Every structure is written in C-alpha cells, then in structure tokens.
$ cat query-v1.cif   # mmCIF, N, CA and C atoms
data_target
loop_
_atom_site.label_atom_id
_atom_site.label_comp_id
_atom_site.auth_asym_id
_atom_site.auth_seq_id
_atom_site.Cartn_x
_atom_site.Cartn_y
_atom_site.Cartn_z
N MET I 565 31.07 -25.26 -25.60
CA MET I 565 31.88 -26.21 -24.87
C MET I 565 32.28 -27.38 -25.75
N ARG I 566 31.33 -27.88 -26.52
CA ARG I 566 31.62 -29.01 -27.39
C ARG I 566 32.66 -28.64 -28.44
N GLY I 567 32.55 -27.43 -29.00
CA GLY I 567 33.51 -26.98 -30.00
C GLY I 567 34.92 -26.88 -29.44
N THR I 568 35.03 -26.43 -28.19
CA THR I 568 36.34 -26.32 -27.54
C THR I 568 36.94 -27.70 -27.35
N ARG I 569 36.12 -28.66 -26.95
CA ARG I 569 36.59 -30.03 -26.74
C ARG I 569 37.08 -30.62 -28.07
N THR I 570 36.36 -30.36 -29.13
CA THR I 570 36.76 -30.85 -30.45
C THR I 570 38.09 -30.25 -30.88
N ILE I 571 38.25 -28.96 -30.67
CA ILE I 571 39.50 -28.30 -31.05
C ILE I 571 40.66 -28.85 -30.23
N LEU I 572 40.44 -29.05 -28.94
CA LEU I 572 41.51 -29.60 -28.10
C LEU I 572 41.88 -31.02 -28.52
N THR I 573 40.89 -31.80 -28.89
CA THR I 573 41.15 -33.15 -29.37
C THR I 573 41.96 -33.12 -30.65
N LEU I 574 41.59 -32.26 -31.57
CA LEU I 574 42.33 -32.16 -32.83
C LEU I 574 43.75 -31.69 -32.60
N LEU I 575 43.95 -30.76 -31.70
CA LEU I 575 45.30 -30.30 -31.38
C LEU I 575 46.12 -31.42 -30.77
N ALA I 576 45.51 -32.19 -29.88
CA ALA I 576 46.23 -33.31 -29.26
C ALA I 576 46.62 -34.34 -30.31
N LEU I 577 45.74 -34.60 -31.25
CA LEU I 577 46.06 -35.55 -32.32
C LEU I 577 47.15 -35.00 -33.23
N GLY I 578 47.16 -33.71 -33.43
CA GLY I 578 48.16 -33.10 -34.29
C GLY I 578 49.56 -33.20 -33.72
N PHE I 579 49.68 -33.21 -32.40
CA PHE I 579 51.00 -33.28 -31.78
C PHE I 579 51.47 -34.71 -31.57
N ALA I 580 50.60 -35.67 -31.74
CA ALA I 580 50.98 -37.06 -31.56
C ALA I 580 51.71 -37.57 -32.80
N SER I 581 52.40 -38.67 -32.64
CA SER I 581 53.10 -39.28 -33.77
C SER I 581 52.09 -39.78 -34.78
N THR I 582 52.40 -39.67 -36.06
CA THR I 582 51.43 -40.06 -37.09
C THR I 582 51.41 -41.56 -37.33
N ALA I 583 52.48 -42.28 -37.03
CA ALA I 583 52.54 -43.70 -37.33
C ALA I 583 51.44 -44.51 -36.66
N PRO I 584 51.21 -44.38 -35.35
CA PRO I 584 50.15 -45.18 -34.75
C PRO I 584 48.76 -44.72 -35.15
N LEU I 585 48.62 -43.51 -35.64
CA LEU I 585 47.31 -42.98 -35.97
C LEU I 585 46.85 -43.37 -37.37
N LEU I 586 47.71 -43.93 -38.17
CA LEU I 586 47.32 -44.20 -39.55
C LEU I 586 46.13 -45.14 -39.62
N HIS I 587 46.19 -46.28 -38.95
CA HIS I 587 45.06 -47.20 -39.00
C HIS I 587 43.84 -46.58 -38.33
N ALA I 588 44.07 -45.75 -37.33
CA ALA I 588 42.94 -45.08 -36.68
C ALA I 588 42.24 -44.15 -37.67
N ASP I 589 43.01 -43.47 -38.51
CA ASP I 589 42.42 -42.60 -39.51
C ASP I 589 41.63 -43.40 -40.54
N LEU I 590 42.12 -44.57 -40.87
CA LEU I 590 41.41 -45.42 -41.82
C LEU I 590 40.11 -45.93 -41.18
N LYS I 591 40.14 -46.20 -39.89
CA LYS I 591 38.92 -46.61 -39.19
C LYS I 591 37.93 -45.45 -39.14
N ALA I 592 38.43 -44.24 -39.00
CA ALA I 592 37.55 -43.07 -39.01
C ALA I 592 36.91 -42.92 -40.39
N ALA I 593 37.68 -43.22 -41.42
CA ALA I 593 37.13 -43.16 -42.78
C ALA I 593 36.06 -44.23 -42.95
N LEU I 594 36.30 -45.41 -42.41
CA LEU I 594 35.31 -46.48 -42.52
C LEU I 594 34.01 -46.14 -41.78
N ALA I 595 34.12 -45.31 -40.75
CA ALA I 595 32.94 -44.94 -39.99
C ALA I 595 32.08 -43.91 -40.72
N GLU I 596 32.64 -43.25 -41.74
CA GLU I 596 31.90 -42.24 -42.50
C GLU I 596 30.83 -42.93 -43.35
N HIS I 597 29.59 -42.43 -43.25
CA HIS I 597 28.48 -43.04 -44.00
C HIS I 597 28.41 -42.53 -45.43
N ASP I 598 28.79 -41.29 -45.66
CA ASP I 598 28.79 -40.73 -47.01
C ASP I 598 29.98 -41.34 -47.77
N LEU I 599 29.69 -42.11 -48.78
CA LEU I 599 30.74 -42.85 -49.49
C LEU I 599 31.72 -41.93 -50.20
N GLY I 600 31.27 -40.79 -50.69
CA GLY I 600 32.17 -39.83 -51.33
C GLY I 600 33.15 -39.25 -50.33
N LYS I 601 32.62 -38.87 -49.17
CA LYS I 601 33.50 -38.33 -48.13
C LYS I 601 34.44 -39.42 -47.61
N ARG I 602 33.95 -40.66 -47.56
CA ARG I 602 34.80 -41.77 -47.12
C ARG I 602 36.00 -41.91 -48.05
N SER I 603 35.76 -41.78 -49.35
CA SER I 603 36.87 -41.90 -50.30
C SER I 603 37.87 -40.76 -50.09
N LYS I 604 37.38 -39.56 -49.80
CA LYS I 604 38.27 -38.44 -49.56
C LYS I 604 39.11 -38.67 -48.30
N LEU I 605 38.46 -39.15 -47.23
CA LEU I 605 39.19 -39.42 -45.99
C LEU I 605 40.24 -40.52 -46.20
N ALA I 606 39.91 -41.52 -46.99
CA ALA I 606 40.85 -42.60 -47.26
C ALA I 606 42.06 -42.08 -48.04
N LEU I 607 41.82 -41.19 -49.00
CA LEU I 607 42.94 -40.63 -49.76
C LEU I 607 43.78 -39.68 -48.90
N ASP I 608 43.14 -38.97 -47.99
CA ASP I 608 43.90 -38.15 -47.04
C ASP I 608 44.79 -39.03 -46.18
N ASN I 609 44.27 -40.20 -45.80
CA ASN I 609 45.06 -41.14 -45.02
C ASN I 609 46.24 -41.67 -45.84
N ALA I 610 46.03 -41.88 -47.12
CA ALA I 610 47.12 -42.34 -47.99
C ALA I 610 48.23 -41.29 -48.05
N ASN I 611 47.86 -40.02 -48.12
CA ASN I 611 48.87 -38.96 -48.12
C ASN I 611 49.62 -38.91 -46.79
N ALA I 612 48.90 -39.13 -45.68
CA ALA I 612 49.56 -39.16 -44.37
C ALA I 612 50.53 -40.35 -44.29
N ALA I 613 50.13 -41.48 -44.85
CA ALA I 613 50.99 -42.66 -44.86
C ALA I 613 52.24 -42.40 -45.70
N LEU I 614 52.10 -41.64 -46.77
CA LEU I 614 53.25 -41.29 -47.60
C LEU I 614 54.25 -40.45 -46.80
N LYS I 615 53.73 -39.50 -46.02
CA LYS I 615 54.61 -38.69 -45.18
C LYS I 615 55.30 -39.55 -44.14
N THR I 616 54.57 -40.52 -43.59
CA THR I 616 55.16 -41.43 -42.62
C THR I 616 56.25 -42.27 -43.27
N ALA I 617 56.04 -42.69 -44.50
CA ALA I 617 57.06 -43.47 -45.21
C ALA I 617 58.33 -42.64 -45.41
N ARG I 618 58.16 -41.39 -45.75
CA ARG I 618 59.33 -40.51 -45.94
C ARG I 618 60.10 -40.36 -44.62
N GLU I 619 59.37 -40.11 -43.54
CA GLU I 619 60.02 -39.95 -42.23
C GLU I 619 60.70 -41.24 -41.80
N ALA I 620 60.05 -42.38 -42.04
CA ALA I 620 60.63 -43.67 -41.67
C ALA I 620 61.90 -43.94 -42.45
N TYR I 621 61.91 -43.58 -43.73
CA TYR I 621 63.12 -43.80 -44.53
C TYR I 621 64.26 -42.92 -44.03
N GLN I 622 63.93 -41.71 -43.65
CA GLN I 622 64.97 -40.81 -43.12
C GLN I 622 65.54 -41.34 -41.81
N LYS I 623 64.72 -42.06 -41.05
CA LYS I 623 65.20 -42.67 -39.81
C LYS I 623 65.88 -44.01 -40.07
N GLY I 624 65.73 -44.55 -41.26
CA GLY I 624 66.34 -45.83 -41.60
C GLY I 624 65.50 -47.03 -41.20
N ASP I 625 64.22 -46.85 -40.99
CA ASP I 625 63.33 -47.91 -40.54
C ASP I 625 62.60 -48.51 -41.75
N SER I 626 63.17 -49.56 -42.33
CA SER I 626 62.57 -50.14 -43.54
C SER I 626 61.26 -50.87 -43.24
N ALA I 627 61.10 -51.39 -42.03
CA ALA I 627 59.85 -52.07 -41.68
C ALA I 627 58.69 -51.07 -41.66
N GLU I 628 58.95 -49.88 -41.15
CA GLU I 628 57.90 -48.86 -41.11
C GLU I 628 57.60 -48.34 -42.51
N VAL I 629 58.60 -48.30 -43.38
CA VAL I 629 58.38 -47.91 -44.77
C VAL I 629 57.45 -48.92 -45.44
N ALA I 630 57.70 -50.21 -45.21
CA ALA I 630 56.85 -51.25 -45.79
C ALA I 630 55.43 -51.16 -45.25
N ALA I 631 55.30 -50.88 -43.95
CA ALA I 631 53.96 -50.76 -43.36
C ALA I 631 53.23 -49.54 -43.93
N ALA I 632 53.95 -48.46 -44.13
CA ALA I 632 53.33 -47.26 -44.71
C ALA I 632 52.92 -47.51 -46.15
N ALA I 633 53.74 -48.25 -46.90
CA ALA I 633 53.39 -48.57 -48.29
C ALA I 633 52.12 -49.42 -48.34
N LEU I 634 52.00 -50.37 -47.41
CA LEU I 634 50.79 -51.19 -47.33
C LEU I 634 49.59 -50.34 -46.95
N GLU I 635 49.80 -49.38 -46.06
CA GLU I 635 48.73 -48.46 -45.65
C GLU I 635 48.24 -47.62 -46.84
N ILE I 636 49.17 -47.22 -47.69
CA ILE I 636 48.79 -46.46 -48.89
C ILE I 636 47.89 -47.32 -49.78
N GLU I 637 48.28 -48.57 -49.98
CA GLU I 637 47.48 -49.47 -50.81
C GLU I 637 46.09 -49.67 -50.22
N GLU I 638 46.01 -49.91 -48.91
CA GLU I 638 44.73 -50.14 -48.26
C GLU I 638 43.83 -48.90 -48.35
N SER I 639 44.44 -47.73 -48.20
CA SER I 639 43.68 -46.49 -48.26
C SER I 639 43.12 -46.24 -49.65
N VAL I 640 43.94 -46.48 -50.66
CA VAL I 640 43.49 -46.29 -52.04
C VAL I 640 42.42 -47.31 -52.38
N ASP I 641 42.56 -48.54 -51.87
CA ASP I 641 41.52 -49.55 -52.07
C ASP I 641 40.20 -49.12 -51.46
N LEU I 642 40.27 -48.58 -50.24
CA LEU I 642 39.05 -48.12 -49.57
C LEU I 642 38.38 -47.00 -50.37
N ALA I 643 39.19 -46.08 -50.88
CA ALA I 643 38.64 -44.99 -51.68
C ALA I 643 37.95 -45.53 -52.93
N TRP I 644 38.60 -46.46 -53.62
CA TRP I 644 38.03 -47.03 -54.84
C TRP I 644 36.76 -47.82 -54.53
N ASP I 645 36.81 -48.66 -53.49
CA ASP I 645 35.64 -49.46 -53.13
C ASP I 645 34.47 -48.58 -52.72
N SER I 646 34.76 -47.50 -52.02
CA SER I 646 33.70 -46.58 -51.60
C SER I 646 33.03 -45.94 -52.81
N LEU I 647 33.83 -45.51 -53.76
CA LEU I 647 33.26 -44.89 -54.96
C LEU I 647 32.48 -45.90 -55.79
N GLU I 648 32.98 -47.12 -55.87
CA GLU I 648 32.27 -48.17 -56.60
C GLU I 648 30.93 -48.48 -55.92
N SER I 649 30.92 -48.42 -54.59
CA SER I 649 29.70 -48.75 -53.83
C SER I 649 28.61 -47.71 -53.98
N THR I 650 28.95 -46.52 -54.47
CA THR I 650 27.91 -45.51 -54.64
C THR I 650 26.92 -45.93 -55.71
N GLY I 651 27.37 -46.73 -56.67
CA GLY I 651 26.50 -47.16 -57.75
C GLY I 651 26.27 -46.07 -58.79
N LYS I 652 26.99 -44.97 -58.65
CA LYS I 652 26.81 -43.84 -59.57
C LYS I 652 27.69 -44.01 -60.81
N ASN I 653 27.22 -43.42 -61.88
CA ASN I 653 27.99 -43.37 -63.11
C ASN I 653 28.98 -42.20 -62.98
N PRO I 654 30.29 -42.48 -63.04
CA PRO I 654 31.28 -41.41 -62.86
C PRO I 654 31.15 -40.30 -63.90
N ARG I 655 30.65 -40.63 -65.07
CA ARG I 655 30.51 -39.64 -66.13
C ARG I 655 29.37 -38.66 -65.85
N LYS I 656 28.31 -39.18 -65.21
CA LYS I 656 27.15 -38.33 -64.93
C LYS I 656 27.25 -37.63 -63.57
N SER I 657 27.97 -38.24 -62.63
CA SER I 657 28.15 -37.66 -61.29
C SER I 657 29.63 -37.67 -60.95
N PRO I 658 30.41 -36.78 -61.55
CA PRO I 658 31.85 -36.89 -61.45
C PRO I 658 32.50 -36.32 -60.18
N ARG I 659 31.72 -35.68 -59.31
CA ARG I 659 32.32 -34.92 -58.21
C ARG I 659 33.38 -35.70 -57.44
N TRP I 660 33.02 -36.77 -56.78
CA TRP I 660 33.97 -37.51 -55.94
C TRP I 660 34.93 -38.33 -56.80
N PHE I 661 34.49 -38.77 -57.95
CA PHE I 661 35.36 -39.55 -58.83
C PHE I 661 36.51 -38.68 -59.33
N LYS I 662 36.20 -37.46 -59.75
CA LYS I 662 37.23 -36.55 -60.24
C LYS I 662 38.19 -36.17 -59.12
N HIS I 663 37.65 -35.93 -57.94
CA HIS I 663 38.51 -35.61 -56.79
C HIS I 663 39.48 -36.76 -56.53
N ALA I 664 38.97 -37.98 -56.56
CA ALA I 664 39.81 -39.16 -56.32
C ALA I 664 40.84 -39.31 -57.43
N GLU I 665 40.46 -39.04 -58.66
CA GLU I 665 41.40 -39.15 -59.78
C GLU I 665 42.54 -38.14 -59.60
N ILE I 666 42.22 -36.93 -59.24
CA ILE I 666 43.25 -35.89 -59.04
C ILE I 666 44.15 -36.27 -57.87
N GLU I 667 43.56 -36.73 -56.78
CA GLU I 667 44.34 -37.09 -55.59
C GLU I 667 45.26 -38.29 -55.86
N THR I 668 44.76 -39.28 -56.61
CA THR I 668 45.63 -40.43 -56.90
C THR I 668 46.75 -40.02 -57.86
N ARG I 669 46.47 -39.10 -58.77
CA ARG I 669 47.53 -38.60 -59.65
C ARG I 669 48.61 -37.89 -58.84
N ASN I 670 48.17 -37.04 -57.90
CA ASN I 670 49.13 -36.34 -57.03
C ASN I 670 49.90 -37.32 -56.15
N LEU I 671 49.21 -38.34 -55.66
CA LEU I 671 49.86 -39.35 -54.85
C LEU I 671 50.91 -40.11 -55.66
N LEU I 672 50.60 -40.38 -56.91
CA LEU I 672 51.58 -41.05 -57.78
C LEU I 672 52.82 -40.20 -57.98
N LYS I 673 52.63 -38.90 -58.17
CA LYS I 673 53.78 -38.01 -58.34
C LYS I 673 54.64 -37.99 -57.08
N LYS I 674 53.98 -37.94 -55.93
CA LYS I 674 54.72 -37.92 -54.66
C LYS I 674 55.43 -39.25 -54.41
N LEU I 675 54.77 -40.35 -54.78
CA LEU I 675 55.42 -41.66 -54.65
C LEU I 675 56.66 -41.76 -55.54
N GLU I 676 56.53 -41.25 -56.75
CA GLU I 676 57.66 -41.25 -57.68
C GLU I 676 58.83 -40.44 -57.13
N THR I 677 58.53 -39.28 -56.58
CA THR I 677 59.56 -38.42 -56.00
C THR I 677 60.22 -39.11 -54.81
N LEU I 678 59.40 -39.70 -53.95
CA LEU I 678 59.95 -40.40 -52.79
C LEU I 678 60.81 -41.57 -53.22
N GLN I 679 60.38 -42.28 -54.22
CA GLN I 679 61.15 -43.43 -54.70
C GLN I 679 62.50 -42.97 -55.26
N HIS I 680 62.53 -41.83 -55.93
CA HIS I 680 63.80 -41.31 -56.44
C HIS I 680 64.69 -40.80 -55.32
N ASP I 681 64.09 -40.39 -54.21
CA ASP I 681 64.87 -39.96 -53.05
C ASP I 681 65.49 -41.14 -52.32
N PHE I 682 64.89 -42.32 -52.47
CA PHE I 682 65.44 -43.53 -51.86
C PHE I 682 66.76 -43.89 -52.52
N GLY I 683 67.57 -44.64 -51.80
CA GLY I 683 68.77 -45.20 -52.40
C GLY I 683 68.37 -46.23 -53.44
N PHE I 684 69.27 -46.51 -54.36
CA PHE I 684 68.95 -47.41 -55.48
C PHE I 684 68.46 -48.77 -54.99
N GLU I 685 69.08 -49.31 -53.95
CA GLU I 685 68.71 -50.64 -53.46
C GLU I 685 67.39 -50.64 -52.69
N ASP I 686 66.93 -49.48 -52.25
CA ASP I 686 65.69 -49.39 -51.47
C ASP I 686 64.46 -49.08 -52.33
N ARG I 687 64.66 -48.73 -53.57
CA ARG I 687 63.54 -48.29 -54.42
C ARG I 687 62.45 -49.33 -54.64
N PRO I 688 62.77 -50.61 -54.74
CA PRO I 688 61.70 -51.59 -54.96
C PRO I 688 60.66 -51.66 -53.84
N ALA I 689 60.95 -51.07 -52.68
CA ALA I 689 60.02 -51.10 -51.56
C ALA I 689 58.68 -50.44 -51.90
N LEU I 690 58.70 -49.50 -52.83
CA LEU I 690 57.48 -48.77 -53.18
C LEU I 690 56.87 -49.20 -54.51
N ASP I 691 57.50 -50.15 -55.20
CA ASP I 691 57.01 -50.56 -56.51
C ASP I 691 55.57 -51.07 -56.48
N LYS I 692 55.27 -51.94 -55.52
CA LYS I 692 53.94 -52.54 -55.45
C LYS I 692 52.88 -51.47 -55.17
N ALA I 693 53.17 -50.59 -54.22
CA ALA I 693 52.21 -49.53 -53.89
C ALA I 693 52.00 -48.60 -55.08
N LYS I 694 53.08 -48.27 -55.75
CA LYS I 694 52.99 -47.37 -56.90
C LYS I 694 52.17 -47.99 -58.02
N ALA I 695 52.39 -49.27 -58.29
CA ALA I 695 51.63 -49.96 -59.33
C ALA I 695 50.15 -50.04 -58.97
N HIS I 696 49.87 -50.26 -57.70
CA HIS I 696 48.48 -50.36 -57.25
C HIS I 696 47.76 -49.01 -57.39
N VAL I 697 48.42 -47.95 -56.96
CA VAL I 697 47.82 -46.61 -57.08
C VAL I 697 47.62 -46.26 -58.55
N GLN I 698 48.56 -46.66 -59.41
CA GLN I 698 48.45 -46.40 -60.84
C GLN I 698 47.24 -47.11 -61.43
N LYS I 699 47.01 -48.35 -61.00
CA LYS I 699 45.86 -49.10 -61.52
C LYS I 699 44.54 -48.44 -61.11
N VAL I 700 44.45 -48.03 -59.83
CA VAL I 700 43.23 -47.37 -59.37
C VAL I 700 43.03 -46.05 -60.11
N HIS I 701 44.12 -45.31 -60.30
CA HIS I 701 44.03 -44.04 -61.04
C HIS I 701 43.53 -44.28 -62.46
N ASP I 702 44.07 -45.30 -63.11
CA ASP I 702 43.65 -45.62 -64.48
C ASP I 702 42.16 -46.01 -64.52
N ASP I 703 41.72 -46.78 -63.53
CA ASP I 703 40.31 -47.18 -63.47
C ASP I 703 39.41 -45.96 -63.27
N LEU I 704 39.85 -45.05 -62.40
CA LEU I 704 39.07 -43.82 -62.19
C LEU I 704 38.99 -42.99 -63.46
N LEU I 705 40.11 -42.86 -64.12
CA LEU I 705 40.16 -42.05 -65.36
C LEU I 705 39.30 -42.68 -66.44
N THR I 706 39.36 -43.99 -66.56
CA THR I 706 38.55 -44.69 -67.54
C THR I 706 37.06 -44.49 -67.25
N GLY I 707 36.70 -44.58 -65.97
CA GLY I 707 35.30 -44.34 -65.60
C GLY I 707 34.83 -42.95 -65.93
N LEU I 708 35.68 -41.98 -65.72
CA LEU I 708 35.31 -40.59 -66.02
C LEU I 708 35.20 -40.33 -67.51
N MET I 709 36.07 -40.97 -68.27
CA MET I 709 36.08 -40.74 -69.71
C MET I 709 35.04 -41.56 -70.45
N GLU I 710 34.84 -42.81 -70.04
CA GLU I 710 33.94 -43.69 -70.76
C GLU I 710 32.61 -43.90 -70.06
N GLY I 711 32.58 -43.64 -68.78
CA GLY I 711 31.36 -43.91 -68.03
C GLY I 711 31.34 -45.33 -67.51
N LYS I 712 30.33 -45.63 -66.74
CA LYS I 712 30.21 -46.95 -66.13
C LYS I 712 29.74 -47.96 -67.18
N SER I 713 30.36 -49.14 -67.17
CA SER I 713 29.93 -50.17 -68.12
C SER I 713 28.61 -50.77 -67.65
N LYS I 714 27.77 -51.11 -68.60
CA LYS I 714 26.43 -51.61 -68.25
C LYS I 714 26.41 -53.09 -68.08
#

$ encode --input "query-v1.cif" --output "structure tokens"
Amino acid sequence: MRGTRTILTLLALGFASTAPLLHADLKAALAEHDLGKRSKLALDNANAALKTAREAYQKGDSAEVAAAALEIEESVDLAWDSLESTGKNPRKSPRWFKHAEIETRNLLKKLETLQHDFGFEDRPALDKAKAHVQKVHDDLLTGLMEGKSK
C-alpha cells in the first residue's frame, strides 16, 4: 500500500508544472541527511531549473528565466556546501566529488547551449549563473586533482 501511494505521489508531481516545484525540490535536498546524496539532489534540481529556464525563454518570460538562473546558482551552492561539509578529502574519497564535477561540467555545457539559443540581447541573463557554476566546477576539479588543503 505504501509503495502504491509513493508511486501515485511521484506521478502527480511529474504531471505538475516544474516552476513552483523547484524550491520544493531544493527543500527536499536540504532534508537529506547524507551529504553526498544531498549534493546529487541539489544538482538534479539545478538541471530541472535549467529546463525551466529554457521553457520560460520560449514563452518569453524573462522574470522566470532570471528566477531559474538564481535557482541554478543556489542549487550548485548547496551541492558544493554539502560536499565541503563532509570533511572528506576529495582525492581519497572521490565518489560524490567526481559525480558533482561531472554534473557541473554537463550543466555548464547545457548553460552554454541555452545561452547560444537566446537572442543576442538576452544572453547576459545567464552570465552570472554560468560564471558561478564554472567556479564551483573548477573548485571541485582542483580538489580532485590536488586534494584537500591542510
């Protein structure tokens, strides 16, 4: 019975609009006690926010694009903070760090593509989010390559 209720809930969430659920997904990530899984959930939320930004741009809603860009930044911050809070050396325990590095790299590629799909005058809307994701990606890569500083 419980499994059926869970499936029905997931189906109901799948059919709902993604825009109002973005912050709810970030709250769900915050509720996760496992910091590695929290970072994964936060990066999944960033990808959902990217899809929302694309849909908002196609509708011509620049305010929703800006909100989605901010959501991407907040999600990537949560992922980075969660990984930092583990206290683990990324070089010795790379599992979640490497996953986050790959996901942020993919997110950067998708952001770049979306920005090129925007009109020339609309492209600066994603500059801040793209720079922020790039910085987190670089920090993750540095941690994996050099290890945690003492």

$ residues_around --input "query-v1.cif" --residues "range 686-689 of chain I" --least-positions-apart "3" --cutoff "8 Å" --atoms "only C-alpha atoms" --output "PyMOL selection string"
chain I and resi 629-630+633+679-680+682-683+692

$ select_by_dssp --input "query-v1.cif" --residues "range 565-706 of chain I" --states "helix (DSSP H, G or I)" --output "PyMOL selection string"
chain I and resi 566-579+585-595+599-623+626-649+659-681+684-706

$ closest_residue --input "query-v1.cif" --among "I:Lys674, I:His663, I:Lys699, I:Arg669" --to "Arg618 in chain I" --atoms "only C-alpha atoms"
I:Lys674

$ atom_distance --input "query-v1.cif" --atom1 "atom C of Asn653 in chain I" --atom2 "atom C of Ile666 in chain I"
17.1 Å

$ resolve_selection --input "query-v1.cif" --expression "the PyMOL selection byres ((chain I and resi 605-615) around 8)" --output "ChimeraX atom specification"
/I:582-583,586,589-590,592-594,599-604,616-621,631-633,635-644,664,667-668,671,674-675

$ closest_residue --input "query-v1.cif" --among "I:Lys591, I:His597, I:Lys623, I:His701" --to "Glu665 in chain I" --atoms "all atoms listed in the file"
I:His701

$ closest_residue --input "query-v1.cif" --among "I:Asp625, I:Glu596, I:Asp645, I:Val697" --to "Asn670 in chain I" --atoms "only C-alpha atoms"
I:Val697

$ resolve_selection --input "query-v1.cif" --expression "the PyMOL selection byres (((chain I and resi 651 and name CA) around 12) and name CA)" --output "PDB file with N, CA and C atoms, in the frame of the given file"
ATOM      1  N   LEU I 599      29.690 -42.110 -48.780  1.00  0.00           N
ATOM      2  CA  LEU I 599      30.740 -42.850 -49.490  1.00  0.00           C
ATOM      3  C   LEU I 599      31.720 -41.930 -50.200  1.00  0.00           C
ATOM      4  N   GLY I 600      31.270 -40.790 -50.690  1.00  0.00           N
ATOM      5  CA  GLY I 600      32.170 -39.830 -51.330  1.00  0.00           C
ATOM      6  C   GLY I 600      33.150 -39.250 -50.330  1.00  0.00           C
ATOM      7  N   TRP I 644      38.600 -46.460 -53.620  1.00  0.00           N
ATOM      8  CA  TRP I 644      38.030 -47.030 -54.840  1.00  0.00           C
ATOM      9  C   TRP I 644      36.760 -47.820 -54.530  1.00  0.00           C
ATOM     10  N   ASP I 645      36.810 -48.660 -53.490  1.00  0.00           N
ATOM     11  CA  ASP I 645      35.640 -49.460 -53.130  1.00  0.00           C
ATOM     12  C   ASP I 645      34.470 -48.580 -52.720  1.00  0.00           C
ATOM     13  N   SER I 646      34.760 -47.500 -52.020  1.00  0.00           N
ATOM     14  CA  SER I 646      33.700 -46.580 -51.600  1.00  0.00           C
ATOM     15  C   SER I 646      33.030 -45.940 -52.810  1.00  0.00           C
ATOM     16  N   LEU I 647      33.830 -45.510 -53.760  1.00  0.00           N
ATOM     17  CA  LEU I 647      33.260 -44.890 -54.960  1.00  0.00           C
ATOM     18  C   LEU I 647      32.480 -45.900 -55.790  1.00  0.00           C
ATOM     19  N   GLU I 648      32.980 -47.120 -55.870  1.00  0.00           N
ATOM     20  CA  GLU I 648      32.270 -48.170 -56.600  1.00  0.00           C
ATOM     21  C   GLU I 648      30.930 -48.480 -55.920  1.00  0.00           C
ATOM     22  N   SER I 649      30.920 -48.420 -54.590  1.00  0.00           N
ATOM     23  CA  SER I 649      29.700 -48.750 -53.830  1.00  0.00           C
ATOM     24  C   SER I 649      28.610 -47.710 -53.980  1.00  0.00           C
ATOM     25  N   THR I 650      28.950 -46.520 -54.470  1.00  0.00           N
ATOM     26  CA  THR I 650      27.910 -45.510 -54.640  1.00  0.00           C
ATOM     27  C   THR I 650      26.920 -45.930 -55.710  1.00  0.00           C
ATOM     28  N   LYS I 652      26.990 -44.970 -58.650  1.00  0.00           N
ATOM     29  CA  LYS I 652      26.810 -43.840 -59.570  1.00  0.00           C
ATOM     30  C   LYS I 652      27.690 -44.010 -60.810  1.00  0.00           C
ATOM     31  N   ASN I 653      27.220 -43.420 -61.880  1.00  0.00           N
ATOM     32  CA  ASN I 653      27.990 -43.370 -63.110  1.00  0.00           C
ATOM     33  C   ASN I 653      28.980 -42.200 -62.980  1.00  0.00           C
ATOM     34  N   PRO I 654      30.290 -42.480 -63.040  1.00  0.00           N
ATOM     35  CA  PRO I 654      31.280 -41.410 -62.860  1.00  0.00           C
ATOM     36  C   PRO I 654      31.150 -40.300 -63.900  1.00  0.00           C
ATOM     37  N   ARG I 655      30.650 -40.630 -65.070  1.00  0.00           N
ATOM     38  CA  ARG I 655      30.510 -39.640 -66.130  1.00  0.00           C
ATOM     39  C   ARG I 655      29.370 -38.660 -65.850  1.00  0.00           C
ATOM     40  N   LYS I 656      28.310 -39.180 -65.210  1.00  0.00           N
ATOM     41  CA  LYS I 656      27.150 -38.330 -64.930  1.00  0.00           C
ATOM     42  C   LYS I 656      27.250 -37.630 -63.570  1.00  0.00           C
ATOM     43  N   SER I 657      27.970 -38.240 -62.630  1.00  0.00           N
ATOM     44  CA  SER I 657      28.150 -37.660 -61.290  1.00  0.00           C
ATOM     45  C   SER I 657      29.630 -37.670 -60.950  1.00  0.00           C
ATOM     46  N   PHE I 661      34.490 -38.770 -57.950  1.00  0.00           N
ATOM     47  CA  PHE I 661      35.360 -39.550 -58.830  1.00  0.00           C
ATOM     48  C   PHE I 661      36.510 -38.680 -59.330  1.00  0.00           C
ATOM     49  N   GLY I 711      32.580 -43.640 -68.780  1.00  0.00           N
ATOM     50  CA  GLY I 711      31.360 -43.910 -68.030  1.00  0.00           C
ATOM     51  C   GLY I 711      31.340 -45.330 -67.510  1.00  0.00           C
ATOM     52  N   LYS I 712      30.330 -45.630 -66.740  1.00  0.00           N
ATOM     53  CA  LYS I 712      30.210 -46.950 -66.130  1.00  0.00           C
ATOM     54  C   LYS I 712      29.740 -47.960 -67.180  1.00  0.00           C
ATOM     55  N   SER I 713      30.360 -49.140 -67.170  1.00  0.00           N
ATOM     56  CA  SER I 713      29.930 -50.170 -68.120  1.00  0.00           C
ATOM     57  C   SER I 713      28.610 -50.770 -67.650  1.00  0.00           C
ATOM     58  N   LYS I 714      27.770 -51.110 -68.600  1.00  0.00           N
ATOM     59  CA  LYS I 714      26.430 -51.610 -68.250  1.00  0.00           C
ATOM     60  C   LYS I 714      26.410 -53.090 -68.080  1.00  0.00           C
TER      61      LYS I 714
END

$ atom_distance --input "query-v1.cif" --atom1 "CA of Ser626 in chain I" --atom2 "atom N of Ala595 in chain I"
29.0 Å

$ atom_distance --input "query-v1.cif" --atom1 "atom N of Glu628 in chain I" --atom2 "atom C of Leu690 in chain I"
13.5 Å

$ axis_aligned_box --input "query-v1.cif" --around "range 653-660 of chain I" --padding-each-side "5 Å" --output "JSON"
{"center_x": 31.0, "center_y": -39.2, "center_z": -61.0, "size_x": 17.8, "size_y": 18.5, "size_z": 20.2}
